>>> print(open('upload-v6.json').read())   # JSON, C-alpha atoms
[["chain", "number", "residue", "atom", "x", "y", "z"],
["A", 1, "MET", "CA", 139.28, 150.25, 95.51],
["A", 2, "SER", "CA", 138.80, 148.48, 98.81],
["A", 3, "THR", "CA", 138.06, 144.85, 99.25],
["A", 4, "GLN", "CA", 136.13, 143.28, 102.09],
["A", 5, "THR", "CA", 137.09, 139.93, 103.50],
["A", 6, "ARG", "CA", 134.33, 137.61, 104.71],
["A", 7, "ARG", "CA", 134.78, 136.04, 108.12],
["A", 8, "PRO", "CA", 134.74, 132.28, 108.26],
["A", 9, "ALA", "CA", 131.48, 130.80, 109.51],
["A", 10, "THR", "CA", 133.21, 129.45, 112.61],
["A", 11, "GLU", "CA", 134.98, 132.70, 113.54],
["A", 12, "PRO", "CA", 133.62, 134.38, 116.71],
["A", 13, "THR", "CA", 131.56, 137.50, 115.95],
["A", 14, "PRO", "CA", 131.41, 140.53, 118.25],
["A", 15, "SER", "CA", 128.07, 141.26, 119.90],
["A", 16, "GLY", "CA", 126.57, 144.57, 120.90],
["A", 17, "ASP", "CA", 127.83, 144.36, 124.50],
["A", 18, "GLY", "CA", 131.45, 143.83, 123.44],
["A", 19, "ALA", "CA", 131.48, 140.07, 124.11],
["A", 20, "THR", "CA", 132.21, 137.59, 121.40],
["A", 21, "ARG", "CA", 129.76, 134.87, 120.48],
["A", 22, "THR", "CA", 130.58, 131.67, 118.66],
["A", 23, "PRO", "CA", 127.93, 130.59, 116.13],
["A", 24, "PRO", "CA", 126.39, 127.19, 116.79],
["A", 25, "LYS", "CA", 127.96, 124.26, 114.99],
["A", 26, "ARG", "CA", 125.84, 121.92, 112.91],
["A", 27, "ALA", "CA", 126.07, 118.25, 113.66],
["A", 28, "ASP", "CA", 127.91, 116.08, 111.16],
["A", 29, "GLY", "CA", 125.58, 114.46, 108.67],
["A", 30, "GLY", "CA", 122.84, 117.10, 108.72],
["A", 31, "VAL", "CA", 120.02, 116.70, 111.22],
["A", 32, "LEU", "CA", 121.49, 113.81, 113.22],
["A", 33, "SER", "CA", 125.02, 113.42, 114.42],
["A", 34, "LYS", "CA", 126.99, 110.41, 113.22],
["A", 35, "PRO", "CA", 126.62, 108.32, 116.41],
["A", 36, "ARG", "CA", 122.90, 109.00, 116.55],
["A", 37, "GLY", "CA", 122.56, 108.18, 112.86],
["A", 38, "VAL", "CA", 124.20, 104.80, 113.43],
["A", 39, "VAL", "CA", 121.86, 104.05, 116.33],
["A", 40, "VAL", "CA", 118.79, 105.03, 114.28],
["A", 41, "THR", "CA", 119.97, 102.92, 111.34],
["A", 42, "VAL", "CA", 120.45, 99.86, 113.56],
["A", 43, "ILE", "CA", 117.02, 100.30, 115.17],
["A", 44, "VAL", "CA", 115.28, 100.72, 111.80],
["A", 45, "ALA", "CA", 117.11, 97.67, 110.42],
["A", 46, "LEU", "CA", 116.03, 95.55, 113.39],
["A", 47, "LEU", "CA", 112.42, 96.70, 113.03],
["A", 48, "ALA", "CA", 112.50, 95.94, 109.30],
["A", 49, "LEU", "CA", 113.88, 92.43, 109.93],
["A", 50, "THR", "CA", 111.25, 91.82, 112.62],
["A", 51, "TRP", "CA", 108.51, 92.93, 110.23],
["A", 52, "LEU", "CA", 109.83, 90.89, 107.28],
["A", 53, "PHE", "CA", 110.76, 87.75, 109.25],
["A", 54, "PRO", "CA", 107.32, 86.02, 108.98],
["A", 55, "LEU", "CA", 107.20, 86.64, 105.22],
["A", 56, "LEU", "CA", 110.78, 85.49, 104.68],
["A", 57, "TRP", "CA", 110.25, 82.41, 106.87],
["A", 58, "ALA", "CA", 107.09, 81.51, 104.97],
["A", 59, "LEU", "CA", 109.00, 81.94, 101.69],
["A", 60, "VAL", "CA", 111.75, 79.59, 102.88],
["A", 61, "ASN", "CA", 109.34, 76.93, 104.15],
["A", 62, "SER", "CA", 107.28, 77.08, 100.97],
["A", 63, "PHE", "CA", 110.22, 75.46, 99.17],
["A", 64, "ARG", "CA", 110.58, 72.61, 101.71],
["A", 65, "GLU", "CA", 108.90, 69.24, 102.02],
["A", 66, "TYR", "CA", 106.42, 68.78, 104.84],
["A", 67, "ASP", "CA", 107.79, 65.35, 105.83],
["A", 68, "TYR", "CA", 111.32, 66.74, 106.12],
["A", 69, "THR", "CA", 110.28, 69.63, 108.36],
["A", 70, "GLN", "CA", 108.22, 67.29, 110.54],
["A", 71, "ALA", "CA", 111.20, 64.99, 111.02],
["A", 72, "ASN", "CA", 113.93, 67.61, 111.42],
["A", 73, "GLY", "CA", 112.03, 70.67, 112.65],
["A", 74, "TYR", "CA", 111.46, 74.04, 111.05],
["A", 75, "LEU", "CA", 114.79, 75.39, 112.30],
["A", 76, "SER", "CA", 116.66, 72.93, 110.06],
["A", 77, "PHE", "CA", 117.58, 73.46, 106.41],
["A", 78, "GLY", "CA", 117.00, 70.93, 103.68],
["A", 79, "GLY", "CA", 114.26, 69.07, 101.90],
["A", 80, "TRP", "CA", 114.06, 71.65, 99.13],
["A", 81, "THR", "CA", 111.33, 71.23, 96.52],
["A", 82, "THR", "CA", 109.08, 73.24, 94.22],
["A", 83, "SER", "CA", 106.19, 70.78, 94.27],
["A", 84, "ASN", "CA", 104.39, 72.83, 96.94],
["A", 85, "TYR", "CA", 103.67, 75.58, 94.42],
["A", 86, "GLU", "CA", 102.44, 73.16, 91.79],
["A", 87, "GLU", "CA", 100.16, 71.38, 94.26],
["A", 88, "ALA", "CA", 98.91, 74.65, 95.78],
["A", 89, "TRP", "CA", 98.03, 76.05, 92.35],
["A", 90, "SER", "CA", 96.13, 72.95, 91.23],
["A", 91, "ARG", "CA", 94.57, 72.00, 94.57],
["A", 92, "GLY", "CA", 93.55, 75.54, 95.44],
["A", 93, "ASN", "CA", 92.28, 76.21, 91.89],
["A", 94, "PHE", "CA", 94.01, 79.59, 92.06],
["A", 95, "GLY", "CA", 93.53, 80.26, 88.34],
["A", 96, "LEU", "CA", 89.75, 80.51, 88.80],
["A", 97, "HIS", "CA", 89.98, 82.45, 92.05],
["A", 98, "LEU", "CA", 92.51, 84.90, 90.58],
["A", 99, "ARG", "CA", 89.99, 85.68, 87.85],
["A", 100, "ASN", "CA", 87.33, 86.23, 90.52],
["A", 101, "SER", "CA", 89.61, 88.61, 92.42],
["A", 102, "LEU", "CA", 90.32, 90.60, 89.25],
["A", 103, "LEU", "CA", 86.59, 90.81, 88.45],
["A", 104, "VAL", "CA", 86.03, 92.34, 91.90],
["A", 105, "THR", "CA", 89.18, 94.40, 92.43],
["A", 106, "ILE", "CA", 89.43, 96.27, 89.13],
["A", 107, "PRO", "CA", 85.80, 97.53, 88.97],
["A", 108, "ALA", "CA", 85.78, 98.32, 92.71],
["A", 109, "VAL", "CA", 88.99, 100.39, 92.51],
["A", 110, "VAL", "CA", 87.90, 102.25, 89.36],
["A", 111, "LEU", "CA", 84.42, 102.97, 90.75],
["A", 112, "THR", "CA", 85.80, 104.07, 94.13],
["A", 113, "LEU", "CA", 88.32, 106.50, 92.65],
["A", 114, "TRP", "CA", 85.83, 107.89, 90.15],
["A", 115, "LEU", "CA", 83.06, 108.57, 92.67],
["A", 116, "SER", "CA", 85.50, 109.80, 95.33],
["A", 117, "SER", "CA", 87.11, 112.24, 92.92],
["A", 118, "MET", "CA", 83.72, 113.77, 92.04],
["A", 119, "VAL", "CA", 82.71, 114.15, 95.68],
["A", 120, "ALA", "CA", 86.14, 115.52, 96.61],
["A", 121, "PHE", "CA", 85.97, 118.05, 93.76],
["A", 122, "VAL", "CA", 82.67, 119.41, 95.07],
["A", 123, "LEU", "CA", 83.95, 119.56, 98.66],
["A", 124, "ALA", "CA", 87.20, 121.28, 97.67],
["A", 125, "ARG", "CA", 85.87, 123.58, 94.95],
["A", 126, "PHE", "CA", 82.64, 124.88, 96.51],
["A", 127, "SER", "CA", 82.04, 126.22, 100.01],
["A", 128, "TYR", "CA", 78.63, 125.93, 101.65],
["A", 129, "ARG", "CA", 77.15, 125.37, 105.07],
["A", 130, "PHE", "CA", 77.14, 121.56, 105.19],
["A", 131, "ASN", "CA", 80.54, 121.03, 103.57],
["A", 132, "LEU", "CA", 82.29, 119.52, 106.58],
["A", 133, "MET", "CA", 79.18, 117.57, 107.59],
["A", 134, "MET", "CA", 79.09, 115.84, 104.22],
["A", 135, "LEU", "CA", 82.77, 114.94, 104.51],
["A", 136, "GLY", "CA", 82.06, 113.47, 107.95],
["A", 137, "VAL", "CA", 79.27, 111.34, 106.48],
["A", 138, "PHE", "CA", 81.67, 109.86, 103.94],
["A", 139, "LEU", "CA", 84.22, 109.18, 106.65],
["A", 140, "ALA", "CA", 81.66, 107.47, 108.90],
["A", 141, "ALA", "CA", 81.91, 104.21, 106.93],
["A", 142, "ASN", "CA", 85.57, 103.92, 107.85],
["A", 143, "LEU", "CA", 84.84, 104.37, 111.56],
["A", 144, "LEU", "CA", 82.29, 101.57, 111.83],
["A", 145, "PRO", "CA", 83.57, 97.99, 112.17],
["A", 146, "PRO", "CA", 82.26, 95.74, 109.39],
["A", 147, "GLN", "CA", 81.01, 93.20, 111.96],
["A", 148, "ALA", "CA", 78.47, 95.78, 113.19],
["A", 149, "LEU", "CA", 76.93, 95.95, 109.71],
["A", 150, "LEU", "CA", 77.02, 92.23, 108.97],
["A", 151, "ILE", "CA", 73.33, 91.38, 109.50],
["A", 152, "PRO", "CA", 71.82, 94.54, 107.91],
["A", 153, "VAL", "CA", 74.03, 94.30, 104.82],
["A", 154, "PHE", "CA", 73.40, 90.56, 104.45],
["A", 155, "ARG", "CA", 69.62, 90.98, 104.64],
["A", 156, "MET", "CA", 69.63, 93.98, 102.33],
["A", 157, "PHE", "CA", 71.69, 92.25, 99.67],
["A", 158, "ARG", "CA", 69.48, 89.18, 99.93],
["A", 159, "GLU", "CA", 66.35, 91.26, 99.18],
["A", 160, "VAL", "CA", 67.76, 93.36, 96.30],
["A", 161, "PRO", "CA", 66.78, 91.62, 93.03],
["A", 162, "LEU", "CA", 69.09, 91.31, 90.04],
["A", 163, "PRO", "CA", 68.53, 89.83, 86.57],
["A", 164, "MET", "CA", 69.67, 86.25, 86.15],
["A", 165, "PHE", "CA", 72.40, 87.26, 83.69],
["A", 166, "MET", "CA", 73.94, 89.41, 86.46],
["A", 167, "SER", "CA", 73.51, 86.96, 89.35],
["A", 168, "ASP", "CA", 72.79, 83.25, 89.49],
["A", 169, "SER", "CA", 70.86, 83.68, 92.74],
["A", 170, "GLY", "CA", 68.63, 86.45, 91.37],
["A", 171, "SER", "CA", 69.81, 88.87, 94.08],
["A", 172, "LEU", "CA", 72.91, 90.78, 95.11],
["A", 173, "LEU", "CA", 73.81, 87.98, 97.48],
["A", 174, "ASN", "CA", 76.31, 85.50, 96.08],
["A", 175, "SER", "CA", 77.34, 87.78, 93.20],
["A", 176, "PHE", "CA", 80.42, 89.78, 92.32],
["A", 177, "TRP", "CA", 78.31, 92.95, 92.37],
["A", 178, "ALA", "CA", 77.89, 92.54, 96.12],
["A", 179, "LEU", "CA", 81.64, 92.63, 96.75],
["A", 180, "ILE", "CA", 82.12, 95.51, 94.32],
["A", 181, "LEU", "CA", 79.44, 97.65, 95.98],
["A", 182, "VAL", "CA", 80.42, 96.90, 99.58],
["A", 183, "ASN", "CA", 84.12, 97.60, 98.94],
["A", 184, "THR", "CA", 83.26, 100.81, 97.12],
["A", 185, "ALA", "CA", 81.05, 101.97, 99.97],
["A", 186, "PHE", "CA", 83.65, 101.30, 102.65],
["A", 187, "GLN", "CA", 86.59, 102.80, 100.74],
["A", 188, "MET", "CA", 84.95, 105.98, 99.42],
["A", 189, "GLY", "CA", 85.32, 107.83, 102.73],
["A", 190, "PHE", "CA", 89.09, 107.55, 102.92],
["A", 191, "CYS", "CA", 89.60, 108.33, 99.23],
["A", 192, "THR", "CA", 87.29, 111.35, 99.41],
["A", 193, "PHE", "CA", 89.16, 112.68, 102.43],
["A", 194, "VAL", "CA", 92.58, 112.34, 100.78],
["A", 195, "LEU", "CA", 91.52, 113.69, 97.38],
["A", 196, "SER", "CA", 89.68, 116.68, 98.85],
["A", 197, "ASN", "CA", 92.76, 117.71, 100.83],
["A", 198, "TYR", "CA", 94.91, 117.31, 97.72],
["A", 199, "MET", "CA", 92.52, 119.33, 95.55],
["A", 200, "LYS", "CA", 92.50, 122.15, 98.09],
["A", 201, "THR", "CA", 96.20, 122.69, 97.42],
["A", 202, "LEU", "CA", 95.52, 123.49, 93.75],
["A", 203, "PRO", "CA", 95.65, 127.25, 92.97],
["A", 204, "ARG", "CA", 92.20, 128.79, 92.71],
["A", 205, "GLU", "CA", 93.45, 131.11, 89.98],
["A", 206, "ILE", "CA", 93.35, 128.31, 87.42],
["A", 207, "TYR", "CA", 89.65, 127.79, 88.11],
["A", 208, "GLU", "CA", 88.96, 131.53, 87.85],
["A", 209, "SER", "CA", 90.73, 131.59, 84.49],
["A", 210, "ALA", "CA", 88.72, 128.57, 83.36],
["A", 211, "GLU", "CA", 85.46, 130.27, 84.34],
["A", 212, "LEU", "CA", 86.44, 133.37, 82.38],
["A", 213, "ASP", "CA", 87.02, 131.15, 79.35],
["A", 214, "GLY", "CA", 83.52, 129.71, 79.76],
["A", 215, "ALA", "CA", 84.46, 126.26, 81.13],
["A", 216, "SER", "CA", 81.58, 124.42, 82.76],
["A", 217, "VAL", "CA", 81.84, 122.67, 86.12],
["A", 218, "TRP", "CA", 82.14, 119.26, 84.46],
["A", 219, "ARG", "CA", 84.91, 120.53, 82.19],
["A", 220, "GLN", "CA", 86.76, 121.98, 85.19],
["A", 221, "TYR", "CA", 86.54, 118.61, 86.89],
["A", 222, "TRP", "CA", 87.40, 116.34, 83.98],
["A", 223, "GLN", "CA", 89.86, 118.35, 81.89],
["A", 224, "LEU", "CA", 91.44, 120.56, 84.55],
["A", 225, "THR", "CA", 91.34, 118.84, 87.94],
["A", 226, "MET", "CA", 91.73, 115.17, 87.01],
["A", 227, "PRO", "CA", 95.05, 115.61, 85.13],
["A", 228, "LEU", "CA", 96.45, 117.57, 88.10],
["A", 229, "VAL", "CA", 95.54, 114.89, 90.67],
["A", 230, "ARG", "CA", 97.04, 111.94, 88.79],
["A", 231, "PRO", "CA", 99.78, 111.43, 91.43],
["A", 232, "ALA", "CA", 97.14, 111.23, 94.15],
["A", 233, "LEU", "CA", 95.01, 108.84, 92.09],
["A", 234, "ALA", "CA", 98.01, 106.59, 91.40],
["A", 235, "ALA", "CA", 98.91, 106.44, 95.09],
["A", 236, "LEU", "CA", 95.32, 105.71, 96.11],
["A", 237, "ALA", "CA", 95.02, 103.09, 93.38],
["A", 238, "THR", "CA", 97.99, 101.24, 94.88],
["A", 239, "LEU", "CA", 96.41, 101.28, 98.33],
["A", 240, "GLN", "CA", 92.97, 100.34, 97.06],
["A", 241, "VAL", "CA", 94.23, 97.38, 95.04],
["A", 242, "ALA", "CA", 95.95, 96.01, 98.16],
["A", 243, "TRP", "CA", 92.91, 96.58, 100.41],
["A", 244, "VAL", "CA", 90.22, 95.28, 98.06],
["A", 245, "TYR", "CA", 92.29, 92.34, 96.85],
["A", 246, "ASN", "CA", 93.16, 91.26, 100.40],
["A", 247, "GLU", "CA", 89.61, 91.71, 101.73],
["A", 248, "PHE", "CA", 88.47, 88.50, 103.41],
["A", 249, "PHE", "CA", 85.53, 89.25, 105.69],
["A", 250, "TRP", "CA", 82.86, 90.33, 103.19],
["A", 251, "ALA", "CA", 83.93, 87.70, 100.67],
["A", 252, "THR", "CA", 83.22, 84.88, 103.13],
["A", 253, "VAL", "CA", 79.90, 86.46, 104.19],
["A", 254, "LEU", "CA", 78.39, 87.49, 100.85],
["A", 255, "ILE", "CA", 79.73, 84.69, 98.64],
["A", 256, "GLN", "CA", 78.43, 81.18, 99.33],
["A", 257, "GLN", "CA", 79.56, 79.38, 96.19],
["A", 258, "GLY", "CA", 83.12, 78.08, 96.17],
["A", 259, "ASP", "CA", 83.67, 78.85, 92.48],
["A", 260, "LYS", "CA", 83.06, 82.57, 93.13],
["A", 261, "LEU", "CA", 85.41, 83.05, 96.07],
["A", 262, "PRO", "CA", 88.41, 85.38, 95.60],
["A", 263, "MET", "CA", 92.05, 84.43, 96.10],
["A", 264, "THR", "CA", 92.24, 85.14, 99.83],
["A", 265, "SER", "CA", 89.24, 82.94, 100.61],
["A", 266, "ALA", "CA", 90.57, 80.15, 98.40],
["A", 267, "LEU", "CA", 93.34, 79.42, 100.91],
["A", 268, "ASN", "CA", 90.79, 77.39, 102.85],
["A", 269, "ASN", "CA", 90.98, 74.78, 100.08],
["A", 270, "LEU", "CA", 94.55, 73.96, 101.16],
["A", 271, "ARG", "CA", 93.52, 72.85, 104.64],
["A", 272, "GLY", "CA", 93.11, 69.13, 105.24],
["A", 273, "GLN", "CA", 90.38, 67.46, 107.24],
["A", 274, "PHE", "CA", 92.67, 66.08, 109.94],
["A", 275, "PHE", "CA", 95.89, 68.09, 109.54],
["A", 276, "THR", "CA", 97.19, 71.09, 107.61],
["A", 277, "ASP", "CA", 100.36, 71.07, 105.53],
["A", 278, "THR", "CA", 101.80, 74.39, 106.67],
["A", 279, "ASN", "CA", 104.43, 74.38, 103.91],
["A", 280, "LEU", "CA", 101.68, 74.01, 101.31],
["A", 281, "VAL", "CA", 99.72, 76.86, 102.90],
["A", 282, "ALA", "CA", 102.89, 78.98, 102.89],
["A", 283, "ALA", "CA", 103.29, 78.37, 99.15],
["A", 284, "GLY", "CA", 99.65, 79.30, 98.60],
["A", 285, "SER", "CA", 100.08, 82.48, 100.64],
["A", 286, "ILE", "CA", 103.06, 83.51, 98.52],
["A", 287, "ILE", "CA", 101.01, 82.94, 95.35],
["A", 288, "VAL", "CA", 98.19, 85.03, 96.77],
["A", 289, "ALA", "CA", 100.56, 87.87, 97.72],
["A", 290, "LEU", "CA", 102.35, 88.05, 94.35],
["A", 291, "PRO", "CA", 99.78, 90.20, 92.45],
["A", 292, "VAL", "CA", 99.78, 92.85, 95.19],
["A", 293, "LEU", "CA", 103.58, 92.88, 95.29],
["A", 294, "VAL", "CA", 103.73, 93.36, 91.52],
["A", 295, "VAL", "CA", 101.33, 96.31, 91.70],
["A", 296, "PHE", "CA", 103.22, 97.83, 94.63],
["A", 297, "PHE", "CA", 106.64, 97.68, 92.97],
["A", 298, "ALA", "CA", 105.20, 98.95, 89.68],
["A", 299, "LEU", "CA", 103.70, 102.01, 91.44],
["A", 300, "GLN", "CA", 106.23, 102.29, 94.26],
["A", 301, "LYS", "CA", 107.18, 105.89, 93.44],
["A", 302, "GLN", "CA", 103.55, 107.05, 93.46],
["A", 303, "PHE", "CA", 102.86, 105.07, 96.63],
["A", 304, "VAL", "CA", 105.71, 106.69, 98.58],
["A", 305, "SER", "CA", 104.71, 110.16, 97.39],
["A", 306, "GLY", "CA", 101.14, 109.39, 98.41],
["A", 307, "LEU", "CA", 102.19, 109.10, 102.05],
["A", 308, "THR", "CA", 102.33, 112.93, 102.22],
["A", 309, "LEU", "CA", 99.33, 113.75, 100.02],
["A", 310, "GLY", "CA", 97.77, 117.04, 101.02],
["A", 311, "SER", "CA", 100.30, 117.70, 103.79],
["A", 312, "THR", "CA", 101.83, 120.75, 102.07],
["A", 313, "LYS", "CA", 100.27, 123.83, 100.64],
["A", 314, "GLY", "CA", 101.35, 125.32, 97.33]]
>>> encode(input="upload-v6.json", output="structure tokens")
Amino acid sequence: MSTQTRRPATEPTPSGDGATRTPPKRADGGVLSKPRGVVVTVIVALLALTWLFPLLWALVNSFREYDYTQANGYLSFGGWTTSNYEEAWSRGNFGLHLRNSLLVTIPAVVLTLWLSSMVAFVLARFSYRFNLMMLGVFLAANLLPPQALLIPVFRMFREVPLPMFMSDSGSLLNSFWALILVNTAFQMGFCTFVLSNYMKTLPREIYESAELDGASVWRQYWQLTMPLVRPALAALATLQVAWVYNEFFWATVLIQQGDKLPMTSALNNLRGQFFTDTNLVAAGSIIVALPVLVVFFALQKQFVSGLTLGSTKG
């Protein structure tokens, strides 16, 4: 019985022409060598600090008195207080405006994901002549700047009637329905594009088996496709909550009553007539950002996985 000994990976191997060739060595640490890895880590850390510095500086100043910072400068430390948050909450009436933001954000996100998933299912499941053209139509809303549509949308919403129990003004203008519809219209293109690419990665064999079992198109969409795209829906929900909640332009254009403004527009209530307490505004900004941060950290895993949605096949 003969035994064969395996050459070490670093041992030179003879080639066909009699010369010996040394196999290439892998760099320590995988893809990057150790010195390069240190350089990349330092660069990424500096970029992260540069990106987070305004938020961290606003957080620090939100706990400081305005008179102290005016006397000693913003580069000093001291004058700590929590009264800025109490005053910002009461003066900005953030309780009311948070309710307004929830009344707009939750229906807009649910409606956007629901309609986008149905359109994406048709685009991914069925092939016909105008498939790509329809996808381009849904993406067109994301390519147009909202300022270009300001006057047409304003006039259209002013002329569309609504019952008085749905809108105090009797029209879409100055109602929550206006913000829900305009956010849904502008976000459907991106969500349809992402979901259609994700649905195309699903094996077609499962749909063929469903058809053999007599499943209708609606059943294939609701009971087969929707459970499989839950990771994509969770990632898009995180993005949509941040985008719709932080939307400022359409809220200031379509809402004219102060008691219907969302959280982002309510920051204007913290500005004074002759001067602005920047520490108070910083505290208000932190309060406004907290709901989005809570949603992000709660769905952080789905959000990170959503960065590569539809990029792989299989």
>>> atom_distance(input="upload-v6.json", atom1="CA of Ser117 (chain A)", atom2="CA of Arg129 (chain A)")
20.5 Å
>>> closest_residue(input="upload-v6.json", among="A:Phe157, A:Tyr221, A:Phe296, A:Phe275", to="Val241 (chain A)", atoms="all atoms listed in the file")
A:Phe296
>>> closest_residue(input="upload-v6.json", among="A:Leu49, A:Asn197, A:Tyr85, A:Ala266", to="Asn61 (chain A)", atoms="only C-alpha atoms")
A:Tyr85
>>> atom_distance(input="upload-v6.json", atom1="CA of Gly92 (chain A)", atom2="CA of Phe249 (chain A)")
18.9 Å
>>> residues_around(input="upload-v6.json", residues="region 226-233 of chain A", least_positions_apart="3", cutoff="12 Å", atoms="all atoms listed in the file", output="MDAnalysis selection string")
chainID A and resid 109:110 112:118 120:121 191:203 206 218:223 236:241 299:310
>>> residues_around(input="upload-v6.json", residues="region 160-169 of chain A", least_positions_apart="5", cutoff="12 Å", atoms="only C-alpha atoms", output="PyMOL selection string")
chain A and resi 153-155+174-178+254-257+260
>>> residues_around(input="upload-v6.json", residues="Leu59 (chain A)", least_positions_apart="5", cutoff="12 Å", atoms="only C-alpha atoms", output="list in words")
Leu52, Phe53, Pro54, Arg64, Trp80, Thr82, Asn84, Tyr85, Thr278, Asn279, Leu280, Val281, Ala282, Ala283, Gly284, Ser285, Ile286, Ile287, Ala289 and Leu290 of chain A
>>> closest_residue(input="upload-v6.json", among="A:Val292, A:Ile106, A:Ala71, A:Leu96", to="Pro262 (chain A)", atoms="all atoms listed in the file")
A:Leu96
>>> atom_distance(input="upload-v6.json", atom1="CA of Ala234 (chain A)", atom2="CA of Val295 (chain A)")
10.8 Å
>>> closest_residue(input="upload-v6.json", among="A:Leu55, A:Leu111, A:Val294, A:Met263", to="Leu98 (chain A)", atoms="all atoms listed in the file")
A:Met263
>>> residues_near_point(input="upload-v6.json", point="(80.1, 98.7, 91.9)", cutoff="6 Å", atoms="all atoms listed in the file", output="list of chain:residue names")
A:Ala108, A:Ile180, A:Leu181
>>> residues_around(input="upload-v6.json", residues="region 136-149 of chain A", least_positions_apart="2", cutoff="9 Å", atoms="only C-alpha atoms", output="ChimeraX atom specification")
/A:131-134,151-154,185-190,192-193,249-250
>>> axis_aligned_box(input="upload-v6.json", around="region 282-289 of chain A", padding_each_side="8 Å", output="AutoDock Vina command-line options")
--center_x 100.7 --center_y 83.1 --center_z 99.1 --size_x 21.1 --size_y 25.5 --size_z 23.5
>>> closest_residue(input="upload-v6.json", among="A:Arg125, A:Thr184, A:Ala242, A:Ile43", to="Glu208 (chain A)", atoms="only C-alpha atoms")
A:Arg125
>>> closest_residue(input="upload-v6.json", among="A:Ala124, A:Ser83, A:Ser62, A:Ala298", to="Thr225 (chain A)", atoms="only C-alpha atoms")
A:Ala124
